[in-house]
Amino acid sequence: MAYHSFLLEPISCHSWNKDRTQIALCPNNHDVHIYKKDGTKWTKIHELKEHNGQVTGIDWAPESNRIVTCGTDRNAYVWSLKGEVWKPTLVILRINRAARCVSWSPKENKFAVGSGSRLISICYFEQENDWWVCKHIKKPIRSTVLSLDWHPNNVLLAAGSCDFKCRVFSAYIKEVEEKPGPTVWGSKMPFGEVLFESGPSGVSGGAGEGAGGGWVHGVCFSHSGNRLAWTSHDSTVAIAEGGKTSTISSLSSETLPLLCVSFITENSLVAAGHDCYPVLFVYDGTKGSVTFGGKLDVPKQTSQRGISARERFQNLDRRATSSETTEQGLESLHKNSISQISVLEGGKSKCSTFCTTGMDGGMVTWDVKVHTHTLHTHTV
Amino acid sequence: MSKNNDSNQFRKVDVDEYDENKFVDDEDNGESQVGPDEAEVDSLIRQGNLMEALQAVLKNPPINTKNQNDRAEALMLKVLSAFKSSDIEKAVQSLDKNGVDLLMKYIYKGFEKPSENSSATLLQWHEKALSAGGVGSIVRVLTARKTV
């Protein structure tokens with residue numbers, strides 16, 4: 001685990017390049033900064049200034065080495081490296097509210113932008129006009145789209161939104177790809193078709209009463225694409241398996257809401273949020289249950305020293321408990337909410353390292369091997 | 001155009017009101033759940049069978065309907081005050097996760113309208129429910145769209 005503090009401002013979003021030597025991040029302003037790793041130090045090598053509003057999403061395509069950024073100025077730019085300089089190309093998204101999240105598709109021939117205009121823009125490059133064009137997915141989204149994740153088949157897209165639902169859409173663009181084969185989520189996939197919708201009035205299993213729901217902050221497909229996990233603002237994490245319509249397993253956690261989630265193996269996922277530490281969840285496919293696997297940030301036990309009478313009364317006055325330990329602050333590495341998780345090594349099937357960035361301006365890389373004693377072994 | 005005076009009135013126009021795609025909340029107002037059975041709960045309290053009374057009052061929570069909510073809340077308060085302080089923890093342990101969430105909802109509803117002794121009992125219940133449900137159960141009270 002290595003903690004690096006980039007800045008004092010929150011890191012709005014980040015993305016790594018293919019070999020994980022460079023990171024592009026937005027330091028809560030209109031720019032994107034690219035840092036390069038030199039041993040243990042990070043040096044800023046590029047500043048991408050084009051947006052007129054805060055940059056809310058960055059994605060770096062590993063194979064084609066293009067960066068797409070989107071911001072509150074309702075625009076998206078695709079940046080290509082020409083020599084030593086990153087050159088932007090404007091993409092007209094035709095939205096009238098801020099863009100919130102962006103993601104390249106696995107084959108990098110299109111990308112999706114979620115926005116506050118209650119729609120998703122799927123953008124692809126049109127060769128004849130030498131221009132990025134976009135198509136909209138509007139129905140039945142009723143509020144801001146907060147998070148997106150592509151299915152490995154390059155066609156299906158999961159979107160979590162503020163209307164308390166997580167959905168899987170088809171983003172099939174006939175101009176750039178062939179008809180996809182059937183998957184567990186469905187076989188007919190015209191553009192904009194909703195193949196799955198979570199939530200009280202849609203398909204739901206599990207706790208019917210607790211179906212008030214909350215904004216869906218983070219979504220993630222598993223490596224195979226057969227499972228979909230999402231975290232929501234009512235402190236729940238849920239996993240749905242494609243194909244069997246009513247298996248949604250959810251866990252109401254005892255922590256503050258989780259903002260981001262990622263699968264690290266086919267059966268386990270790591271999530272983090274307002275509690276400032278990543279937690280592990282384990283999914284049992286046979287039982288259809290999600291269980292809490294443990295906190296991944298176990299702080300070193302500080303030595304317990306005796307507490308004087310004066311301190312005891314001070315604690316009583318300040319905190320209404322005369323507790324032994326003086327918990328001065330958060331014991332986790334991150335000192336503020338974690339807003340994004342990205343897998344560094346191993347992919348979503350056998351992740352060995354992942355990275356988190358948060359509102360404290362810091363970035364932590366976590367090793368999964370170290371915590372194998374907290375991972376339950378399941379026969380897959 | 002606000003050219004004759006420095007009027008900023010145009011800034012107060014809510015443009016989203018005129019949007020035809022405006023989000024309209026789907027309220028399920030005709031919930032058939034009529035709330036916990038008063039007679040049953042009262043008799044259980046009188047018999048001294050407080051655990052059962054708690055389970056009964058948590059069954060069938062009336063969701064979103066005005067009058068029944070108040071009745072259910074008053075009933076809930078009666079049951080909660082009938083418990084002895086030492087029994088509260090055991091009662092909370094006997095509830096499952098959904099029960100703890102529902103209990104938390106009622107506790108916060110009770111906080112909204114404090115009466116003589118209610119706050120003290122509610123605070124004791126809150127402490128025990130918090131240790132069982134964690135901060136997550138409070139978050140679920142805040143984000144719940146079907147209020148009880």
# chains A, B, ... in the order shown; residues from 1 in each chain; ligands from 1
$ select_by_dssp --residues "region 94-326 of chain A" --states "alpha helix (DSSP H)" --output "MDAnalysis selection string"
chainID A and resid 309:319
$ residues_around --residues "Gly181 (chain A)" --least-positions-apart "6" --cutoff "12 Å" --atoms "only C-alpha atoms" --output "ChimeraX atom specification"
/A:153-156,172,187-189
$ closest_residue --among "A:His46, A:Thr255, A:Ala158, A:Ile141" --to "Leu130 (chain B)" --atoms "only C-alpha atoms"
A:Thr255
$ interface_residues --of "chain B" --to "chain A" --cutoff "6 Å" --atoms "only C-alpha atoms" --output "ChimeraX atom specification"
/B:23,133-136,139-140,143-146
$ residues_around --residues "region 48-55 of chain A" --least-positions-apart "2" --cutoff "12 Å" --atoms "only C-alpha atoms" --output "PyMOL selection string"
chain A and resi 10-14+24-35+44-46+57-59+67-81+85-91+97-102
$ residues_around --residues "Glu175 (chain A)" --least-positions-apart "5" --cutoff "12 Å" --atoms "only C-alpha atoms" --output "list in words"
Asn109, Lys110, Cys123, Tyr124, Phe125, Glu126, Gln127, Glu128, Val133, Cys134, Lys135 and Phe191 of chain A
$ write_last_selection --atoms "N, CA, C and O atoms" --output "JSON list (two decimals), in the first residue's frame"
[["chain", "number", "residue", "atom", "x", "y", "z"],
["A", 109, "ASN", "N", -13.55, 1.76, -30.12],
["A", 109, "ASN", "CA", -14.04, 2.44, -31.30],
["A", 109, "ASN", "C", -15.21, 3.36, -30.97],
["A", 109, "ASN", "O", -15.70, 4.08, -31.84],
["A", 110, "LYS", "N", -15.65, 3.35, -29.74],
["A", 110, "LYS", "CA", -16.68, 4.30, -29.32],
["A", 110, "LYS", "C", -16.55, 4.55, -27.83],
["A", 110, "LYS", "O", -15.87, 3.82, -27.12],
["A", 123, "CYS", "N", -20.72, 7.91, -28.57],
["A", 123, "CYS", "CA", -20.01, 8.63, -29.64],
["A", 123, "CYS", "C", -19.10, 7.69, -30.40],
["A", 123, "CYS", "O", -18.39, 6.88, -29.80],
["A", 124, "TYR", "N", -19.12, 7.82, -31.72],
["A", 124, "TYR", "CA", -18.22, 7.01, -32.54],
["A", 124, "TYR", "C", -17.68, 7.90, -33.64],
["A", 124, "TYR", "O", -18.24, 8.95, -33.95],
["A", 125, "PHE", "N", -16.58, 7.45, -34.24],
["A", 125, "PHE", "CA", -15.90, 8.28, -35.22],
["A", 125, "PHE", "C", -16.43, 7.97, -36.61],
["A", 125, "PHE", "O", -16.47, 6.83, -37.03],
["A", 126, "GLU", "N", -16.83, 9.01, -37.32],
["A", 126, "GLU", "CA", -17.35, 8.79, -38.67],
["A", 126, "GLU", "C", -16.25, 9.13, -39.65],
["A", 126, "GLU", "O", -15.81, 10.28, -39.74],
["A", 127, "GLN", "N", -15.80, 8.14, -40.39],
["A", 127, "GLN", "CA", -14.64, 8.34, -41.27],
["A", 127, "GLN", "C", -14.89, 9.37, -42.36],
["A", 127, "GLN", "O", -14.01, 10.17, -42.66],
["A", 128, "GLU", "N", -16.10, 9.34, -42.98],
["A", 128, "GLU", "CA", -16.33, 10.22, -44.14],
["A", 128, "GLU", "C", -16.20, 11.67, -43.76],
["A", 128, "GLU", "O", -15.68, 12.49, -44.52],
["A", 133, "VAL", "N", -19.40, 11.64, -34.02],
["A", 133, "VAL", "CA", -20.84, 11.88, -33.94],
["A", 133, "VAL", "C", -21.40, 11.09, -32.76],
["A", 133, "VAL", "O", -20.77, 10.15, -32.30],
["A", 134, "CYS", "N", -22.58, 11.51, -32.30],
["A", 134, "CYS", "CA", -23.10, 10.78, -31.16],
["A", 134, "CYS", "C", -24.57, 10.45, -31.34],
["A", 134, "CYS", "O", -25.31, 11.13, -32.02],
["A", 135, "LYS", "N", -24.94, 9.36, -30.69],
["A", 135, "LYS", "CA", -26.34, 8.94, -30.65],
["A", 135, "LYS", "C", -26.77, 8.94, -29.20],
["A", 135, "LYS", "O", -25.97, 8.64, -28.32],
["A", 191, "PHE", "N", -30.22, -0.70, -30.84],
["A", 191, "PHE", "CA", -29.65, 0.42, -30.10],
["A", 191, "PHE", "C", -30.67, 0.99, -29.11],
["A", 191, "PHE", "O", -31.80, 1.25, -29.44]]
$ atom_distance --atom1 "CA of Leu77 (chain B)" --atom2 "CA of Ser118 (chain B)"
7.4 Å
$ residues_around --residues "Lys287 (chain A)" --least-positions-apart "2" --cutoff "12 Å" --atoms "only C-alpha atoms" --output "PyMOL selection string"
chain A and resi 247-249+282-285+289-291+378
$ closest_residue --among "A:Leu119, A:Leu195, A:Ala309, A:Val279" --to "Lys295 (chain A)" --atoms "only C-alpha atoms"
A:Val279
$ residues_around --residues "Val41 (chain B)" --least-positions-apart "6" --cutoff "9 Å" --atoms "only C-alpha atoms" --output "VMD selection string"
chain B and resid 52 to 54 56 to 57 75 79
$ write_last_selection --atoms "N, CA and C atoms" --output "PDB file, in the first residue's frame"
ATOM      1  N   GLU B  52     -43.213 -10.071  21.410  1.00  0.00           N
ATOM      2  CA  GLU B  52     -44.235 -10.335  20.389  1.00  0.00           C
ATOM      3  C   GLU B  52     -44.864  -9.034  19.927  1.00  0.00           C
ATOM      4  N   ALA B  53     -45.063  -8.134  20.917  1.00  0.00           N
ATOM      5  CA  ALA B  53     -45.697  -6.854  20.574  1.00  0.00           C
ATOM      6  C   ALA B  53     -44.829  -6.090  19.590  1.00  0.00           C
ATOM      7  N   LEU B  54     -43.522  -6.157  19.814  1.00  0.00           N
ATOM      8  CA  LEU B  54     -42.604  -5.456  18.923  1.00  0.00           C
ATOM      9  C   LEU B  54     -42.680  -6.037  17.513  1.00  0.00           C
ATOM     10  N   ALA B  56     -45.137  -7.598  16.217  1.00  0.00           N
ATOM     11  CA  ALA B  56     -46.446  -7.306  15.623  1.00  0.00           C
ATOM     12  C   ALA B  56     -46.519  -5.877  15.114  1.00  0.00           C
ATOM     13  N   VAL B  57     -45.955  -4.970  15.891  1.00  0.00           N
ATOM     14  CA  VAL B  57     -46.084  -3.578  15.447  1.00  0.00           C
ATOM     15  C   VAL B  57     -45.176  -3.280  14.258  1.00  0.00           C
ATOM     16  N   LEU B  75     -48.668   4.016  18.180  1.00  0.00           N
ATOM     17  CA  LEU B  75     -48.659   2.636  18.678  1.00  0.00           C
ATOM     18  C   LEU B  75     -47.232   2.191  18.949  1.00  0.00           C
ATOM     19  N   VAL B  79     -45.363   0.820  22.437  1.00  0.00           N
ATOM     20  CA  VAL B  79     -44.625  -0.436  22.602  1.00  0.00           C
ATOM     21  C   VAL B  79     -43.212  -0.156  23.078  1.00  0.00           C
TER      22      VAL B  79
END
